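Asks: Please find one structure pasted underneath; my questions will follow.
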Amino acid sequence: MLNTITDQVSVSETQTRSPRLWIPERVLFTPAALDEDWGQQILKRVQSLNLPIEELSQNRLKGLRGESERDTYNIAKRTLAVVTAPPSSFKLSPIPPSADWQFHLAEGCPAHCQYCYLAGSLSGPPVIRAFANLPQILENLANYEQQGKNTSFEVSCYTDPLGIEHLTGSLAECIRYFGTRTNAHLRWVSKFDAVDGLLDLPHNGNTRCRMSVNAAPISGKFEGGTASVASRLNALRRLALPQKRGGGGYPIGLVIAPIMPIDDWQMHYSRLFDQINEALDFDCNLTFELISHRFTPGSKEVLQTWYPQSKLEMDEAKRSVKRNKFGGTKYVYEKDTMKALRSFFESEISRRFPKAEILYWT
């Protein structure tokens, strides 16, 4: 097959493993962030955890680089910076096929996925930046709602919002906001499982909660610092269960990504579907999003500096080139491989979850 993983997977595909909540070694606040009411809310949360706080004298972040790119990565990944979103972030960008628009409550992620989608997408050290001007960010969204038609907003493009929720409370605030809207829906996805604080929120069905999952050899080897797939599925179950059964009553979704044709991939992904079947053994509003692994020249270069010992397959000779309308290049699997993968996943989902909707394959 195209991608061989021979090392033993350290975590059983059925074992639940909740990561310890991400606790940064440094929490930086810019002056502009401390001027915001939401910045003060985040400050109180951080203070309650007795974390070391540095109030910066200016709004520019400094001191995040080490002697090497790997050192810089380690420093940044242990740092939370509370800042204000720049004016450019208020001009939203469409993000098909995931949603109509994307907006951001933060940039950067506490997880250590060796295929990280953010590699090459964000400039500078991968510090986790939480935005203190969240009320203004949410207020701006109304300008993008389409009258008489549901408008979808994705909030997980540049961060895992659940992974930092205990520090910011921003995801819950987003859910509350969308619960008041008539024609706007929120979408978020995570590899974490700390959902207790979301179950009783007044979402009014306007938020779809999704979990990103993968076959055991992939999740166990390449998704460091995350909850196990079994824990994610248990969290998704709790989000989907009716409130009268102690759940959140949310619409839910599964993002299977990045799909890889590892050795015996049909067997491993069949086992993943068995897990999903077991976790979601009740009627629920369920969607699937299917994303095959791909990389760009830029992301490959960054990932190889972040994870120099990684066994993630990124061999251009085994891939096809896909170019976008702006001249960008991605390396995707060959046509026959993509066809086999897509056929398998669509067939399995249709057979096992006939009421679920596959939103897209890419």
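Identifiers in the structure tokens: chain A, B, ... in order shown; residue index from 1 per chain; ligand index from 1 in order shown.
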Could you give me, as a PyMOL selection string, the residues within 12 Å of region 63-77 of chain A, counting only C-alpha atoms and dropping anything in the same chain fewer than 4 positions from it?
Replies: chain A and resi 22-28+56+81+107-113+119+124-129+225+301-309
Asks: Could you name the residues that touch Met314 (chain A) at 9 Å or less, counting only C-alpha atoms, but leaving out those on the same chain fewer than 4 positions away, as an mmCIF file with all heavy atoms, in the first residue's frame?
Replies:
data_model
loop_
_atom_site.group_PDB
_atom_site.id
_atom_site.type_symbol
_atom_site.label_atom_id
_atom_site.label_comp_id
_atom_site.auth_asym_id
_atom_site.auth_seq_id
_atom_site.Cartn_x
_atom_site.Cartn_y
_atom_site.Cartn_z
ATOM 1 N N ASN A 3 1.063 3.694 2.169
ATOM 2 C CA ASN A 3 1.556 4.179 3.446
ATOM 3 C C ASN A 3 1.610 3.027 4.422
ATOM 4 O O ASN A 3 0.593 2.442 4.752
ATOM 5 C CB ASN A 3 0.625 5.277 3.973
ATOM 6 C CG ASN A 3 1.180 5.934 5.212
ATOM 7 O OD1 ASN A 3 2.351 5.793 5.514
ATOM 8 N ND2 ASN A 3 0.332 6.656 5.917
ATOM 9 N N ARG A 294 -3.559 14.922 2.322
ATOM 10 C CA ARG A 294 -2.880 15.688 1.291
ATOM 11 C C ARG A 294 -1.879 16.615 1.957
ATOM 12 O O ARG A 294 -1.980 16.882 3.160
ATOM 13 C CB ARG A 294 -3.841 16.479 0.409
ATOM 14 C CG ARG A 294 -4.602 17.625 1.039
ATOM 15 C CD ARG A 294 -5.884 17.248 1.759
ATOM 16 N NE ARG A 294 -6.673 16.294 1.014
ATOM 17 C CZ ARG A 294 -7.463 16.615 -0.021
ATOM 18 N NH1 ARG A 294 -7.578 17.878 -0.364
ATOM 19 N NH2 ARG A 294 -8.139 15.690 -0.649
ATOM 20 N N PHE A 295 -0.939 17.122 1.205
ATOM 21 C CA PHE A 295 0.032 18.053 1.747
ATOM 22 C C PHE A 295 0.502 18.976 0.635
ATOM 23 O O PHE A 295 0.339 18.695 -0.549
ATOM 24 C CB PHE A 295 1.218 17.309 2.385
ATOM 25 C CG PHE A 295 2.017 16.460 1.426
ATOM 26 C CD1 PHE A 295 3.119 16.977 0.751
ATOM 27 C CD2 PHE A 295 1.660 15.136 1.198
ATOM 28 C CE1 PHE A 295 3.844 16.190 -0.138
ATOM 29 C CE2 PHE A 295 2.385 14.340 0.315
ATOM 30 C CZ PHE A 295 3.476 14.868 -0.355
ATOM 31 N N LYS A 300 4.786 20.391 4.066
ATOM 32 C CA LYS A 300 5.759 19.309 4.255
ATOM 33 C C LYS A 300 7.033 19.839 4.886
ATOM 34 O O LYS A 300 7.574 19.230 5.827
ATOM 35 C CB LYS A 300 6.073 18.643 2.913
ATOM 36 C CG LYS A 300 7.131 17.553 3.023
ATOM 37 C CD LYS A 300 7.408 16.893 1.678
ATOM 38 C CE LYS A 300 8.510 15.842 1.791
ATOM 39 N NZ LYS A 300 8.764 15.148 0.498
ATOM 40 N N LYS A 318 4.646 9.279 -5.039
ATOM 41 C CA LYS A 318 3.509 8.380 -4.884
ATOM 42 C C LYS A 318 2.175 9.120 -4.952
ATOM 43 O O LYS A 318 1.135 8.529 -4.679
ATOM 44 C CB LYS A 318 3.610 7.635 -3.547
ATOM 45 C CG LYS A 318 4.830 6.736 -3.438
ATOM 46 C CD LYS A 318 4.883 6.062 -2.078
ATOM 47 C CE LYS A 318 6.087 5.143 -1.955
ATOM 48 N NZ LYS A 318 6.163 4.493 -0.622
ATOM 49 N N ARG A 319 2.222 10.372 -5.326
ATOM 50 C CA ARG A 319 1.020 11.208 -5.303
ATOM 51 C C ARG A 319 0.728 11.814 -6.670
ATOM 52 O O ARG A 319 1.569 11.845 -7.560
ATOM 53 C CB ARG A 319 1.193 12.342 -4.286
ATOM 54 C CG ARG A 319 1.487 11.900 -2.848
ATOM 55 C CD ARG A 319 0.286 11.249 -2.196
ATOM 56 N NE ARG A 319 0.531 10.942 -0.786
ATOM 57 C CZ ARG A 319 -0.183 11.433 0.215
ATOM 58 N NH1 ARG A 319 -1.183 12.264 -0.024
ATOM 59 N NH2 ARG A 319 0.096 11.078 1.456
ATOM 60 N N TYR A 331 -0.471 17.735 -2.995
ATOM 61 C CA TYR A 331 -0.200 16.359 -3.395
ATOM 62 C C TYR A 331 -1.256 15.458 -2.771
ATOM 63 O O TYR A 331 -1.389 15.390 -1.549
ATOM 64 C CB TYR A 331 1.204 15.944 -2.961
ATOM 65 C CG TYR A 331 2.283 16.649 -3.740
ATOM 66 C CD1 TYR A 331 2.875 17.819 -3.258
ATOM 67 C CD2 TYR A 331 2.701 16.159 -4.980
ATOM 68 C CE1 TYR A 331 3.853 18.472 -3.985
ATOM 69 C CE2 TYR A 331 3.680 16.813 -5.720
ATOM 70 C CZ TYR A 331 4.248 17.965 -5.214
ATOM 71 O OH TYR A 331 5.218 18.615 -5.946
#
Asks: A:Cys174, A:Ile164, A:Val195, A:Phe273: which is nearest Arg351 (chain A), counting only C-alpha atoms?
Replies: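 Looking at the shortest contact to Arg351 (chain A), the residue is A:Phe273.
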Asks: So that I can check the surroundings of Gly224 (chain A), please list as a PDB file with N, CA and C atoms, in the first residue's frame every protein, DNA and RNA residue that reaches within 12 Å of it, counting only C-alpha atoms and ignoring chain neighbours fewer than 3 positions away.
Replies:
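Result file part19.pdb:
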ATOM      1  N   SER A  10       0.368   2.356  20.288  1.00  0.00           N
ATOM      2  CA  SER A  10       0.497   2.364  21.737  1.00  0.00           C
ATOM      3  C   SER A  10      -0.836   2.366  22.460  1.00  0.00           C
ATOM      4  N   VAL A  11      -1.903   2.718  21.775  1.00  0.00           N
ATOM      5  CA  VAL A  11      -3.203   2.818  22.422  1.00  0.00           C
ATOM      6  C   VAL A  11      -4.202   1.934  21.701  1.00  0.00           C
ATOM      7  N   ARG A  17      -9.008   7.337  26.507  1.00  0.00           N
ATOM      8  CA  ARG A  17      -7.881   8.070  27.075  1.00  0.00           C
ATOM      9  C   ARG A  17      -8.166   9.543  26.940  1.00  0.00           C
ATOM     10  N   SER A  18      -8.499  10.170  28.059  1.00  0.00           N
ATOM     11  CA  SER A  18      -8.698  11.608  28.037  1.00  0.00           C
ATOM     12  C   SER A  18      -7.360  12.281  28.305  1.00  0.00           C
ATOM     13  N   PRO A  19      -6.969  13.216  27.471  1.00  0.00           N
ATOM     14  CA  PRO A  19      -5.724  13.917  27.753  1.00  0.00           C
ATOM     15  C   PRO A  19      -5.905  14.816  28.964  1.00  0.00           C
ATOM     16  N   ARG A  20      -4.842  15.029  29.681  1.00  0.00           N
ATOM     17  CA  ARG A  20      -4.929  16.061  30.692  1.00  0.00           C
ATOM     18  C   ARG A  20      -5.217  17.379  29.979  1.00  0.00           C
ATOM     19  N   CYS A 109      -3.164  25.524  17.971  1.00  0.00           N
ATOM     20  CA  CYS A 109      -3.808  24.359  18.559  1.00  0.00           C
ATOM     21  C   CYS A 109      -2.867  23.685  19.556  1.00  0.00           C
ATOM     22  N   PRO A 110      -3.379  23.217  20.695  1.00  0.00           N
ATOM     23  CA  PRO A 110      -2.518  22.566  21.681  1.00  0.00           C
ATOM     24  C   PRO A 110      -2.158  21.122  21.352  1.00  0.00           C
ATOM     25  N   ALA A 111      -2.789  20.526  20.364  1.00  0.00           N
ATOM     26  CA  ALA A 111      -2.491  19.144  20.003  1.00  0.00           C
ATOM     27  C   ALA A 111      -1.176  19.060  19.224  1.00  0.00           C
ATOM     28  N   HIS A 112      -0.700  17.824  19.024  1.00  0.00           N
ATOM     29  CA  HIS A 112       0.562  17.593  18.314  1.00  0.00           C
ATOM     30  C   HIS A 112       0.337  16.571  17.192  1.00  0.00           C
ATOM     31  N   CYS A 113      -0.527  16.900  16.263  1.00  0.00           N
ATOM     32  CA  CYS A 113      -0.797  16.010  15.138  1.00  0.00           C
ATOM     33  C   CYS A 113       0.314  16.165  14.098  1.00  0.00           C
ATOM     34  N   GLN A 114       0.916  15.059  13.721  1.00  0.00           N
ATOM     35  CA  GLN A 114       2.084  15.114  12.844  1.00  0.00           C
ATOM     36  C   GLN A 114       1.734  15.454  11.396  1.00  0.00           C
ATOM     37  N   TYR A 115       0.449  15.487  11.067  1.00  0.00           N
ATOM     38  CA  TYR A 115       0.006  15.919   9.745  1.00  0.00           C
ATOM     39  C   TYR A 115      -0.644  17.297   9.824  1.00  0.00           C
ATOM     40  N   CYS A 116      -0.409  18.041  10.871  1.00  0.00           N
ATOM     41  CA  CYS A 116      -1.139  19.258  11.241  1.00  0.00           C
ATOM     42  C   CYS A 116      -1.556  20.098  10.030  1.00  0.00           C
ATOM     43  N   LYS A 191     -10.620  17.162  18.542  1.00  0.00           N
ATOM     44  CA  LYS A 191     -10.049  15.873  18.898  1.00  0.00           C
ATOM     45  C   LYS A 191      -9.940  15.744  20.423  1.00  0.00           C
ATOM     46  N   PHE A 192     -10.661  16.584  21.142  1.00  0.00           N
ATOM     47  CA  PHE A 192     -10.675  16.541  22.592  1.00  0.00           C
ATOM     48  C   PHE A 192     -12.062  16.104  23.076  1.00  0.00           C
ATOM     49  N   ILE A 218      -3.502   5.167  12.828  1.00  0.00           N
ATOM     50  CA  ILE A 218      -3.226   6.563  12.490  1.00  0.00           C
ATOM     51  C   ILE A 218      -3.409   7.454  13.714  1.00  0.00           C
ATOM     52  N   SER A 219      -4.549   7.326  14.398  1.00  0.00           N
ATOM     53  CA  SER A 219      -4.790   8.167  15.565  1.00  0.00           C
ATOM     54  C   SER A 219      -3.784   7.880  16.667  1.00  0.00           C
ATOM     55  N   GLY A 220      -3.431   6.612  16.846  1.00  0.00           N
ATOM     56  CA  GLY A 220      -2.506   6.267  17.906  1.00  0.00           C
ATOM     57  C   GLY A 220      -1.085   6.718  17.662  1.00  0.00           C
ATOM     58  N   LYS A 221      -0.704   6.877  16.416  1.00  0.00           N
ATOM     59  CA  LYS A 221       0.679   7.203  16.087  1.00  0.00           C
ATOM     60  C   LYS A 221       0.905   8.673  15.759  1.00  0.00           C
ATOM     61  N   ALA A 227      -7.386  13.370  22.897  1.00  0.00           N
ATOM     62  CA  ALA A 227      -8.159  12.286  23.496  1.00  0.00           C
ATOM     63  C   ALA A 227      -8.162  11.099  22.542  1.00  0.00           C
ATOM     64  N   SER A 228      -8.275   9.900  23.084  1.00  0.00           N
ATOM     65  CA  SER A 228      -8.382   8.723  22.229  1.00  0.00           C
ATOM     66  C   SER A 228      -9.657   8.806  21.401  1.00  0.00           C
ATOM     67  N   VAL A 229      -9.681   8.065  20.307  1.00  0.00           N
ATOM     68  CA  VAL A 229     -10.885   8.047  19.468  1.00  0.00           C
ATOM     69  C   VAL A 229     -12.083   7.558  20.271  1.00  0.00           C
ATOM     70  N   TYR A 307       8.417  17.750  13.329  1.00  0.00           N
ATOM     71  CA  TYR A 307       8.438  16.322  13.675  1.00  0.00           C
ATOM     72  C   TYR A 307       9.477  15.596  12.822  1.00  0.00           C
ATOM     73  N   SER A 310       9.114  11.763  12.327  1.00  0.00           N
ATOM     74  CA  SER A 310       7.807  11.246  11.935  1.00  0.00           C
ATOM     75  C   SER A 310       7.907  10.246  10.778  1.00  0.00           C
TER      76      SER A 310
END
Asks: Output as a PyMOL selection string all residues of region 207-298 of chain A that backbone DSSP marks as strand (DSSP E).
Replies: chain A and resi 207-213+223-224+252-259+286-292
Asks: Please compute the CA of Asp264 (chain A)-CA of Thr226 (chain A) distance, one decimal, in Å.
Replies: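 These atoms are spaced 24.0 Å apart.
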Asks: Can you tell me, as number ranges by chain, what residues are no more than 8 Å from Ser89 (chain A) when counting only C-alpha atoms, ignoring any on the same chain fewer than 3 positions away?
Replies: A: 85-86, 92, 103-104
Asks: Could the residues in this selection be written to a file with C-alpha atoms, as a JSON list (two decimals), in the first residue's frame?
Replies:
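The new file again.json reads:
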[["chain", "number", "residue", "atom", "x", "y", "z"],
["A", 85, "ALA", "CA", -8.11, 39.73, 16.54],
["A", 86, "PRO", "CA", -6.74, 42.13, 13.91],
["A", 92, "LEU", "CA", -14.64, 36.76, 6.49],
["A", 103, "PHE", "CA", -14.41, 32.97, 11.60],
["A", 104, "HIS", "CA", -11.92, 32.55, 14.41]]
Asks: For a quick check of understanding, using only C-alpha atoms, which of A:Glu36, A:Gln58, A:Ser299, A:Ala99 has the smallest distance to Leu118 (chain A)?
Replies: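 The answer is A:Ser299, which sits nearest to Leu118 (chain A).
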Asks: Please provide as a ChimeraX atom specification all residues within 10 Å of Ser292 (chain A), with the sequence filter that same-chain residues fewer than 3 positions apart are discarded (counting only C-alpha atoms).
Replies: /A:256-261,332-333,338,341-342,361-362
Asks: Just give me the gap between CA of Thr84 (chain A) and CA of Ala130 (chain A) in Å, one decimal is fine.
Replies: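 Answer for the CA of Thr84 (chain A) to CA of Ala130 (chain A) separation: 7.8 Å.
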Asks: Under the rule that only C-alpha atoms are counted, which of A:Asn234, A:Gln102, A:Ser320, A:Ser121 is the nearest residue to Glu334 (chain A)?
Replies: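 Nearest to Glu334 (chain A): A:Ser320.
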Asks: Which residue out of A:Gln136, A:Ser123, A:Ser350, A:Ser212 has the minimum interatomic distance to Leu105 (chain A) when only C-alpha atoms are used?
Replies: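 Using only C-alpha atoms, Leu105 (chain A) sits closest to A:Gln136.
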Asks: Among the residues of region 18-134 of chain A, find those DSSP assigns to alpha helix (DSSP H) from the backbone and print them as a list in words.
Replies: Pro31, Ala32, Ala33, Leu34, Asp37, Trp38, Gly39, Gln40, Gln41, Ile42, Leu43, Lys44, Arg45, Val46, Gln47, Ser48, Glu69, Arg70, Asp71, Thr72, Tyr73, Asn74, Ile75, Ala76, Lys77 and Leu134 of chain A
Asks: Which residues of region 238-342 of chain A come within 8 Å of region 198-204 of chain A, and for each one, what is the closest pair of atoms and their distance in Å to one decimal, counting only C-alpha atoms, sorted by chain and residue number, as CSV?
Replies:
residue,atom,partner,partner_atom,distance
A:Arg238,CA,A:Leu199,CA,7.8
A:Leu239,CA,A:Leu199,CA,6.3
A:Gln243,CA,A:Asp200,CA,7.9
A:Gly247,CA,A:Leu199,CA,6.0
A:Gly248,CA,A:Leu199,CA,4.1
A:Gly249,CA,A:Leu199,CA,7.8
A:Tyr250,CA,A:His203,CA,7.7
